[in-house]
file coords.txt (compact mmCIF, C-alpha atoms and all ligand atoms)
# COMPACT_ATOMS: atom_id res chain seq x y z
CA MET A 1 17.68 33.94 -40.34
CA CYS A 2 15.82 36.48 -38.30
CA ALA A 3 15.88 39.97 -39.85
CA ALA A 4 17.38 42.69 -37.69
CA GLN A 5 14.71 44.48 -35.76
CA THR A 6 14.01 48.03 -36.83
CA LEU A 7 14.07 50.41 -33.92
CA THR A 8 10.91 52.38 -33.31
CA ALA A 9 10.67 55.35 -35.66
CA PRO A 10 11.62 58.71 -34.18
CA GLY A 11 9.20 61.60 -34.13
CA VAL A 12 7.29 60.77 -30.99
CA ALA A 13 8.08 63.52 -28.52
CA THR A 14 9.34 61.86 -25.38
CA LYS A 15 10.79 63.38 -22.25
CA TYR A 16 13.78 61.08 -22.21
CA ALA A 17 15.94 60.22 -25.19
CA ILE A 18 17.69 57.38 -23.37
CA GLU A 19 16.83 55.40 -20.27
CA ALA A 20 19.86 53.49 -18.99
CA ARG A 21 19.22 50.76 -16.44
CA ASN A 22 21.78 49.01 -14.23
CA LEU A 23 24.69 49.33 -16.60
CA ASN A 24 27.73 47.32 -15.61
CA VAL A 25 30.75 47.26 -17.87
CA TYR A 26 33.72 44.90 -17.69
CA TYR A 27 37.01 44.89 -19.58
CA GLY A 28 38.02 41.27 -19.19
CA ASN A 29 37.87 40.68 -15.43
CA PHE A 30 38.05 44.36 -14.54
CA HIS A 31 34.74 45.81 -13.40
CA ALA A 32 35.03 49.30 -14.94
CA VAL A 33 31.54 50.69 -14.23
CA ARG A 34 28.85 49.54 -11.83
CA ASP A 35 25.09 49.95 -11.63
CA VAL A 36 24.62 53.11 -13.65
CA SER A 37 20.99 54.05 -14.15
CA MET A 38 20.14 57.42 -15.62
CA ASP A 39 17.52 59.04 -17.83
CA ILE A 40 18.88 61.37 -20.49
CA TYR A 41 16.56 64.26 -21.31
CA ALA A 42 15.60 64.67 -24.96
CA ARG A 43 16.82 67.82 -26.74
CA ARG A 44 18.98 68.85 -23.85
CA ILE A 45 22.73 68.76 -23.26
CA THR A 46 23.88 66.35 -20.57
CA ALA A 47 27.49 66.46 -19.39
CA MET A 48 29.32 63.60 -17.71
CA ILE A 49 32.11 64.79 -15.42
CA GLY A 50 34.44 63.20 -12.90
CA PRO A 51 38.09 62.32 -12.36
CA SER A 52 40.06 60.53 -15.05
CA GLY A 53 39.30 56.79 -15.16
CA CYS A 54 35.88 56.99 -13.49
CA GLY A 55 34.17 55.49 -16.53
CA LYS A 56 32.70 58.51 -18.34
CA SER A 57 33.81 57.40 -21.81
CA THR A 58 32.89 53.81 -21.02
CA VAL A 59 29.32 54.84 -20.12
CA LEU A 60 29.12 57.11 -23.18
CA ARG A 61 30.13 54.22 -25.43
CA CYS A 62 27.32 52.10 -23.90
CA PHE A 63 24.81 54.55 -25.34
CA ASN A 64 25.46 53.56 -28.95
CA ARG A 65 26.97 50.11 -28.50
CA MET A 66 30.42 51.39 -29.32
CA ASN A 67 31.82 49.07 -26.61
CA ASP A 68 30.86 46.19 -28.94
CA LEU A 69 33.93 47.25 -30.93
CA VAL A 70 36.28 47.31 -27.93
CA PRO A 71 38.06 43.93 -27.50
CA GLY A 72 37.29 42.31 -24.13
CA ALA A 73 34.50 44.76 -23.24
CA ARG A 74 31.23 43.35 -21.89
CA VAL A 75 28.11 45.35 -21.10
CA GLU A 76 25.29 44.24 -18.79
CA GLY A 77 22.07 46.15 -18.29
CA GLU A 78 19.76 48.03 -20.60
CA VAL A 79 19.89 51.16 -22.69
CA ASN A 80 16.39 51.99 -23.79
CA LEU A 81 15.76 54.18 -26.79
CA HIS A 82 12.04 54.95 -27.02
CA GLY A 83 11.41 52.08 -24.67
CA GLN A 84 13.38 49.61 -26.74
CA ASN A 85 16.57 48.07 -25.41
CA ILE A 86 19.38 48.66 -27.92
CA TYR A 87 21.12 45.57 -26.51
CA ALA A 88 18.22 43.27 -27.36
CA PRO A 89 19.58 40.38 -29.45
CA ASP A 90 17.69 41.26 -32.60
CA VAL A 91 18.68 44.95 -32.75
CA ASP A 92 21.18 45.91 -35.45
CA PRO A 93 24.11 47.83 -33.88
CA VAL A 94 24.80 49.61 -37.17
CA GLU A 95 21.29 51.08 -37.10
CA VAL A 96 21.82 52.03 -33.44
CA ARG A 97 24.97 53.94 -34.40
CA ARG A 98 23.18 55.73 -37.20
CA ARG A 99 20.50 56.88 -34.78
CA ILE A 100 23.05 57.74 -32.09
CA GLY A 101 26.13 59.35 -33.65
CA MET A 102 29.48 60.05 -32.08
CA VAL A 103 32.12 62.77 -32.21
CA PHE A 104 35.54 61.92 -30.80
CA GLN A 105 38.21 63.68 -28.83
CA LYS A 106 40.57 64.18 -31.73
CA PRO A 107 38.99 65.42 -34.97
CA ASN A 108 39.08 62.40 -37.29
CA PRO A 109 37.98 63.49 -40.77
CA PHE A 110 38.50 60.99 -43.59
CA PRO A 111 41.52 61.74 -45.82
CA LYS A 112 39.13 62.95 -48.49
CA SER A 113 37.67 66.24 -49.66
CA ILE A 114 35.45 68.31 -47.39
CA TYR A 115 32.51 67.41 -49.66
CA GLU A 116 33.26 63.68 -49.57
CA ASN A 117 33.54 63.68 -45.79
CA ILE A 118 29.83 64.40 -45.68
CA ALA A 119 28.73 62.54 -48.80
CA TRP A 120 30.50 59.26 -48.10
CA GLY A 121 28.66 58.35 -44.89
CA ALA A 122 25.35 59.49 -46.33
CA ARG A 123 25.86 57.34 -49.43
CA ILE A 124 26.73 54.30 -47.30
CA ASN A 125 23.54 54.88 -45.34
CA GLY A 126 21.60 54.71 -48.61
CA PHE A 127 20.92 58.43 -49.04
CA LYS A 128 19.23 58.91 -52.42
CA GLY A 129 18.36 62.62 -52.36
CA ASN A 130 20.26 65.64 -53.67
CA MET A 131 23.80 65.26 -52.32
CA ASP A 132 24.82 68.89 -52.90
CA ASP A 133 21.86 70.00 -50.78
CA LEU A 134 22.68 67.51 -48.03
CA VAL A 135 26.33 68.63 -47.93
CA GLU A 136 25.32 72.29 -47.70
CA GLU A 137 22.63 71.64 -45.10
CA SER A 138 24.99 69.58 -42.93
CA LEU A 139 27.82 72.13 -43.15
CA ARG A 140 25.39 74.93 -42.33
CA GLY A 141 24.09 72.86 -39.41
CA ALA A 142 27.63 72.61 -38.08
CA ALA A 143 28.27 76.35 -38.61
CA LEU A 144 31.01 75.65 -41.15
CA TRP A 145 29.41 76.42 -44.51
CA ASP A 146 30.54 80.03 -44.86
CA GLU A 147 34.14 79.08 -44.16
CA VAL A 148 34.33 76.20 -46.66
CA LYS A 149 31.73 76.81 -49.36
CA ASP A 150 34.39 77.92 -51.87
CA LYS A 151 36.75 75.01 -51.21
CA LEU A 152 34.58 71.92 -50.93
CA LYS A 153 37.00 69.93 -53.11
CA GLN A 154 39.96 70.63 -50.83
CA ASN A 155 41.24 67.92 -48.53
CA ALA A 156 39.69 68.02 -45.07
CA TYR A 157 43.17 68.01 -43.55
CA SER A 158 43.69 71.54 -44.92
CA LEU A 159 41.22 72.81 -42.29
CA SER A 160 42.17 73.99 -38.80
CA GLY A 161 41.58 71.64 -35.86
CA GLY A 162 38.41 73.46 -34.84
CA GLN A 163 37.10 73.40 -38.40
CA GLN A 164 37.92 69.69 -38.67
CA GLN A 165 35.93 69.04 -35.51
CA ARG A 166 32.96 71.00 -36.92
CA LEU A 167 33.33 68.94 -40.12
CA CYS A 168 33.09 65.77 -37.99
CA ILE A 169 29.94 67.19 -36.41
CA ALA A 170 28.59 67.96 -39.91
CA ARG A 171 29.38 64.38 -40.92
CA ALA A 172 27.57 63.09 -37.82
CA ILE A 173 24.42 65.13 -38.48
CA ALA A 174 24.38 64.27 -42.22
CA VAL A 175 22.92 60.84 -41.41
CA ARG A 176 20.22 62.54 -39.32
CA PRO A 177 20.79 60.97 -35.93
CA GLU A 178 18.58 61.72 -32.94
CA ILE A 179 21.36 61.78 -30.42
CA ILE A 180 24.96 62.96 -30.68
CA LEU A 181 27.54 61.63 -28.24
CA MET A 182 30.65 63.76 -27.82
CA ASP A 183 33.72 62.40 -26.08
CA GLU A 184 35.87 65.34 -24.94
CA PRO A 185 35.23 67.08 -28.29
CA CYS A 186 37.23 70.19 -27.41
CA SER A 187 40.24 68.76 -25.64
CA ALA A 188 42.46 69.07 -28.73
CA LEU A 189 41.24 72.60 -29.53
CA ASP A 190 42.33 76.10 -28.55
CA PRO A 191 39.99 78.27 -26.41
CA ILE A 192 38.47 80.14 -29.36
CA ALA A 193 37.72 76.95 -31.31
CA THR A 194 36.35 75.48 -28.07
CA LEU A 195 33.90 78.35 -27.60
CA ARG A 196 32.83 77.96 -31.24
CA ILE A 197 31.98 74.29 -30.64
CA GLU A 198 30.15 75.16 -27.41
CA GLU A 199 28.05 77.75 -29.28
CA LEU A 200 27.37 75.15 -31.95
CA MET A 201 26.23 72.66 -29.31
CA ARG A 202 23.71 75.18 -28.01
CA GLU A 203 22.40 75.58 -31.59
CA LEU A 204 22.29 71.83 -32.24
CA VAL A 205 20.34 71.09 -29.09
CA GLU A 206 17.28 72.68 -30.70
CA ASN A 207 17.08 69.52 -32.80
CA TYR A 208 19.26 66.91 -31.15
CA THR A 209 19.94 65.35 -27.80
CA ILE A 210 23.60 65.82 -26.89
CA ILE A 211 25.64 63.93 -24.33
CA ILE A 212 29.16 65.19 -23.71
CA VAL A 213 32.03 63.77 -21.70
CA THR A 214 34.28 66.53 -20.48
CA HIS A 215 37.05 66.82 -17.93
CA ASN A 216 36.42 70.56 -17.93
CA MET A 217 33.90 71.57 -15.26
CA GLN A 218 33.66 75.12 -16.59
CA GLN A 219 32.66 73.68 -19.93
CA ALA A 220 29.99 71.51 -18.33
CA SER A 221 28.59 74.43 -16.37
CA ARG A 222 28.64 76.66 -19.51
CA VAL A 223 26.95 74.32 -21.96
CA ALA A 224 25.12 71.53 -20.18
CA ASP A 225 21.51 71.61 -18.98
CA TYR A 226 22.14 68.51 -16.87
CA THR A 227 25.32 67.15 -15.32
CA ALA A 228 26.19 63.69 -14.06
CA PHE A 229 29.11 63.31 -11.66
CA PHE A 230 31.01 60.00 -11.55
CA MET A 231 33.66 58.71 -9.17
CA VAL A 232 35.68 55.54 -8.58
CA ASP A 233 35.53 53.29 -5.54
CA ASP A 234 38.48 51.54 -3.88
CA SER A 235 38.44 48.82 -6.58
CA ARG A 236 38.73 51.53 -9.28
CA THR A 237 35.18 50.77 -10.39
CA GLY A 238 33.33 53.84 -11.60
CA TYR A 239 29.85 54.76 -10.39
CA LEU A 240 27.37 57.61 -10.67
CA VAL A 241 27.36 59.84 -7.59
CA GLU A 242 24.91 62.57 -8.46
CA TYR A 243 22.91 63.65 -11.48
CA GLY A 244 20.71 66.70 -11.87
CA GLU A 245 20.33 70.13 -13.42
CA SER A 246 23.76 71.68 -13.94
CA GLU A 247 22.74 74.77 -12.03
CA GLN A 248 21.95 72.63 -8.98
CA ILE A 249 25.01 70.39 -9.31
CA PHE A 250 27.40 73.34 -9.57
CA THR A 251 25.81 75.60 -6.97
CA ARG A 252 23.92 73.34 -4.55
CA PRO A 253 25.31 69.80 -4.84
CA LYS A 254 23.42 67.38 -2.62
CA ASP A 255 26.31 64.99 -2.16
CA LYS A 256 29.43 65.91 -0.20
CA ARG A 257 31.59 64.06 -2.75
CA THR A 258 30.22 66.24 -5.58
CA GLU A 259 30.84 69.34 -3.53
CA ASP A 260 34.42 68.29 -2.81
CA TYR A 261 35.05 67.66 -6.49
CA ILE A 262 33.53 70.84 -7.88
CA THR A 263 35.25 72.97 -5.27
CA GLY A 264 38.57 71.38 -6.28
CA ARG A 265 39.17 69.52 -3.03
CA PHE A 266 40.02 66.35 -4.94
CA GLY A 267 40.31 65.02 -8.49
P1 LIG B 301 37.13 58.20 -18.14
O1 LIG B 301 36.49 58.47 -19.46
O2 LIG B 301 36.30 58.65 -16.97
O3 LIG B 301 38.54 58.75 -18.05
P2 LIG B 301 37.24 55.46 -19.05
O4 LIG B 301 35.84 55.11 -19.36
O5 LIG B 301 38.13 55.81 -20.21
O6 LIG B 301 37.26 56.62 -17.96
O7 LIG B 301 37.93 54.26 -18.26
C1 LIG B 301 37.33 53.66 -17.13
C2 LIG B 301 38.22 52.55 -16.64
O8 LIG B 301 38.23 51.50 -17.60
C3 LIG B 301 39.68 52.96 -16.44
O9 LIG B 301 40.19 52.25 -15.33
C4 LIG B 301 40.35 52.51 -17.73
O10 LIG B 301 41.72 52.23 -17.52
C5 LIG B 301 39.56 51.27 -18.08
N1 LIG B 301 39.48 51.03 -19.54
C6 LIG B 301 38.97 51.89 -20.45
N2 LIG B 301 39.04 51.37 -21.69
C7 LIG B 301 39.61 50.14 -21.55
C8 LIG B 301 39.96 49.09 -22.45
N3 LIG B 301 39.73 49.20 -23.76
N4 LIG B 301 40.53 47.98 -21.94
C9 LIG B 301 40.77 47.86 -20.61
N5 LIG B 301 40.45 48.81 -19.70
C10 LIG B 301 39.89 49.93 -20.16

call {"tool": "encode", "arguments": {"input": "coords.txt", "output": "structure tokens"}}
result
Amino acid sequence: MCAAQTLTAPGVATKYAIEARNLNVYYGNFHAVRDVSMDIYARRITAMIGPSGCGKSTVLRCFNRMNDLVPGARVEGEVNLHGQNIYAPDVDPVEVRRRIGMVFQKPNPFPKSIYENIAWGARINGFKGNMDDLVEESLRGAALWDEVKDKLKQNAYSLSGGQQQRLCIARAIAVRPEIILMDEPCSALDPIATLRIEELMRELVENYTIIIVTHNMQQASRVADYTAFFMVDDSRTGYLVEYGESEQIFTRPKDKRTEDYITGRFG
């Protein structure tokens, strides 16, 4: 049996964290996304926006092979991480998902203590260092430490929704990924908890590449360095219309369709 290929070690400073080429995604016979090619800048926040059903989450899930877990989903094309296609047959998807973590729409902590939420994933990933230090470092990294340091043994469900989402971010960074994918991470949160997560994203981007799907254009323009706008064609297949610096997309869109969307004329 051929051993799973180890992806190239991180540490080499590259301009792009991910280079996606000609992504096409199908759910059974339905062509959900066509011909998406985009380079994701390293240590920047990239937002994916567009009307509901245009394939934002589908494309996001391509970036860490999460669609492998969706029944009936099929991905064509390449997603290159440091020049290496994560869809190559000998690449281990579990290793891909360790390197490219994900935070979901609804906070989904494990029904365990705050401490164990961090420690469990790290242990499974073979972490052998000082667990107390890792838990503290991860909670500090997710701007949650001061609020939970005296109740680490309490169940994670005792936290507020916003705190639970920051715990999920702490859990994601505990395995030291390079990239964090966030699928509508604030849609279940109130405005104050939302701003807290947005501030946290700006802190995290010092060390991580972040890609966020959001239906909220204000959020994209507040937090994202780059924005990609998607639409659907007459067959309901999603495609990338325009991608560039957020400042340009939101103030000087090049494409009429982007302009119509951001000015609220459709969608
Ligand atoms: P968005 O995130 O932009 O709202 P999605 O990526 O969730 O869009 O969905 C894109 C299209 O693919 C939609 O038409 C949706 O109904 C379809 N789709 C998404 N997930 C599945 C699935 N698991 N099975 C079948 N169709 C799906």

call {"tool": "residues_near_ligand", "arguments": {"input": "coords.txt", "ligand": "ligand LIG 301 (chain B)", "cutoff": "7 Å", "atoms": "only C-alpha atoms and all ligand atoms", "output": "ChimeraX atom specification"}}
result
/A:27,32,50-59,70-73,236,238

call {"tool": "axis_aligned_box", "arguments": {"input": "coords.txt", "around": "segment 90-95 of chain A", "padding_each_side": "4 Å", "output": "JSON"}}
result
{"center_x": 21.2, "center_y": 46.2, "center_z": -34.9, "size_x": 15.1, "size_y": 17.8, "size_z": 12.6}

call {"tool": "residues_near_point", "arguments": {"input": "coords.txt", "point": "(18.9, 49.4, -24.4)", "cutoff": "10 Å", "atoms": "all atoms listed in the file", "output": "ChimeraX atom specification"}}
result
/A:18-21,23,62-65,76-88,91,96

call {"tool": "residues_around", "arguments": {"input": "coords.txt", "residues": "segment 168-173 of chain A", "least_positions_apart": "5", "cutoff": "6 Å", "atoms": "all atoms listed in the file", "output": "list of chain:residue names"}}
result
A:Gly101, A:Ile118, A:Ser138, A:Leu139, A:Ala142

call {"tool": "closest_residue", "arguments": {"input": "coords.txt", "among": "A:Met38, A:Ile124, A:Ala193, A:Leu60", "to": "Asn22 of chain A", "atoms": "all atoms listed in the file"}}
result
A:Met38

call {"tool": "closest_residue", "arguments": {"input": "coords.txt", "among": "A:Ile197, A:Met217, A:Leu240, A:Val232", "to": "Gly264 of chain A", "atoms": "all atoms listed in the file"}}
result
A:Met217

call {"tool": "residues_around", "arguments": {"input": "coords.txt", "residues": "Met182 of chain A", "least_positions_apart": "2", "cutoff": "7 Å", "atoms": "only C-alpha atoms", "output": "PDB file with C-alpha atoms, in the coordinates of the input"}}
result
ATOM      1  CA  MET A 102      29.480  60.050 -32.080  1.00  0.00           C
ATOM      2  CA  VAL A 103      32.120  62.770 -32.210  1.00  0.00           C
ATOM      3  CA  PHE A 104      35.540  61.920 -30.800  1.00  0.00           C
ATOM      4  CA  ILE A 180      24.960  62.960 -30.680  1.00  0.00           C
ATOM      5  CA  GLU A 184      35.870  65.340 -24.940  1.00  0.00           C
ATOM      6  CA  PRO A 185      35.230  67.080 -28.290  1.00  0.00           C
ATOM      7  CA  ILE A 211      25.640  63.930 -24.330  1.00  0.00           C
ATOM      8  CA  ILE A 212      29.160  65.190 -23.710  1.00  0.00           C
ATOM      9  CA  VAL A 213      32.030  63.770 -21.700  1.00  0.00           C
TER      10      VAL A 213
END

call {"tool": "atom_distance", "arguments": {"input": "coords.txt", "atom1": "atom CA of Ser235 of chain A", "atom2": "atom CA of Ile40 of chain A"}}
result
27.1 Å

call {"tool": "residues_around", "arguments": {"input": "coords.txt", "residues": "segment 246-250 of chain A", "least_positions_apart": "3", "cutoff": "6 Å", "atoms": "all atoms listed in the file", "output": "MDAnalysis selection string"}}
result
chainID A and resid 225:227 253

call {"tool": "build_atoms", "arguments": {"input": "coords.txt", "residues": "segment 43-69 of chain A", "atoms": "N, CA and C atoms", "output": "tab-separated table (two decimals), in the coordinates of the input"}}
result
chain	number	residue	atom	x	y	z
A	43	ARG	N	16.55	66.44	-26.30
A	43	ARG	CA	16.82	67.82	-26.74
A	43	ARG	C	17.37	68.71	-25.63
A	44	ARG	N	18.24	68.12	-24.87
A	44	ARG	CA	18.98	68.85	-23.85
A	44	ARG	C	20.43	68.39	-23.95
A	45	ILE	N	21.33	69.18	-23.33
A	45	ILE	CA	22.73	68.76	-23.26
A	45	ILE	C	22.99	68.20	-21.87
A	46	THR	N	23.51	66.98	-21.84
A	46	THR	CA	23.88	66.35	-20.57
A	46	THR	C	25.40	66.17	-20.56
A	47	ALA	N	26.04	66.64	-19.51
A	47	ALA	CA	27.49	66.46	-19.39
A	47	ALA	C	27.79	65.36	-18.39
A	48	MET	N	28.83	64.59	-18.67
A	48	MET	CA	29.32	63.60	-17.71
A	48	MET	C	30.70	64.07	-17.26
A	49	ILE	N	30.83	64.30	-15.96
A	49	ILE	CA	32.11	64.79	-15.42
A	49	ILE	C	32.61	63.83	-14.34
A	50	GLY	N	33.86	64.03	-13.95
A	50	GLY	CA	34.44	63.20	-12.90
A	50	GLY	C	35.91	62.98	-13.18
A	51	PRO	N	36.65	62.50	-12.17
A	51	PRO	CA	38.09	62.32	-12.36
A	51	PRO	C	38.41	61.31	-13.45
A	52	SER	N	39.61	61.43	-13.99
A	52	SER	CA	40.06	60.53	-15.05
A	52	SER	C	39.93	59.07	-14.60
A	53	GLY	N	39.40	58.22	-15.47
A	53	GLY	CA	39.30	56.79	-15.16
A	53	GLY	C	38.04	56.39	-14.44
A	54	CYS	N	37.09	57.34	-14.24
A	54	CYS	CA	35.88	56.99	-13.49
A	54	CYS	C	34.79	56.39	-14.40
A	55	GLY	N	35.09	56.22	-15.67
A	55	GLY	CA	34.17	55.49	-16.53
A	55	GLY	C	33.27	56.34	-17.41
A	56	LYS	N	33.57	57.63	-17.53
A	56	LYS	CA	32.70	58.51	-18.34
A	56	LYS	C	32.62	58.04	-19.79
A	57	SER	N	33.80	57.81	-20.40
A	57	SER	CA	33.81	57.40	-21.81
A	57	SER	C	33.19	56.02	-21.96
A	58	THR	N	33.45	55.17	-20.98
A	58	THR	CA	32.89	53.81	-21.02
A	58	THR	C	31.36	53.87	-21.04
A	59	VAL	N	30.79	54.72	-20.16
A	59	VAL	CA	29.32	54.84	-20.12
A	59	VAL	C	28.83	55.45	-21.43
A	60	LEU	N	29.54	56.48	-21.91
A	60	LEU	CA	29.12	57.11	-23.18
A	60	LEU	C	29.06	56.07	-24.30
A	61	ARG	N	30.09	55.22	-24.35
A	61	ARG	CA	30.13	54.22	-25.43
A	61	ARG	C	29.02	53.17	-25.29
A	62	CYS	N	28.47	53.02	-24.06
A	62	CYS	CA	27.32	52.10	-23.90
A	62	CYS	C	26.10	52.62	-24.65
A	63	PHE	N	26.03	53.96	-24.81
A	63	PHE	CA	24.81	54.55	-25.34
A	63	PHE	C	24.63	54.33	-26.84
A	64	ASN	N	25.68	53.93	-27.54
A	64	ASN	CA	25.46	53.56	-28.95
A	64	ASN	C	26.16	52.25	-29.31
A	65	ARG	N	26.37	51.43	-28.31
A	65	ARG	CA	26.97	50.11	-28.50
A	65	ARG	C	28.37	50.18	-29.09
A	66	MET	N	29.06	51.26	-28.83
A	66	MET	CA	30.42	51.39	-29.32
A	66	MET	C	31.35	50.41	-28.59
A	67	ASN	N	30.98	50.03	-27.33
A	67	ASN	CA	31.82	49.07	-26.61
A	67	ASN	C	31.84	47.70	-27.29
A	68	ASP	N	30.84	47.44	-28.17
A	68	ASP	CA	30.86	46.19	-28.94
A	68	ASP	C	32.17	46.07	-29.72
A	69	LEU	N	32.74	47.24	-30.07
A	69	LEU	CA	33.93	47.25	-30.93
A	69	LEU	C	35.22	47.24	-30.12
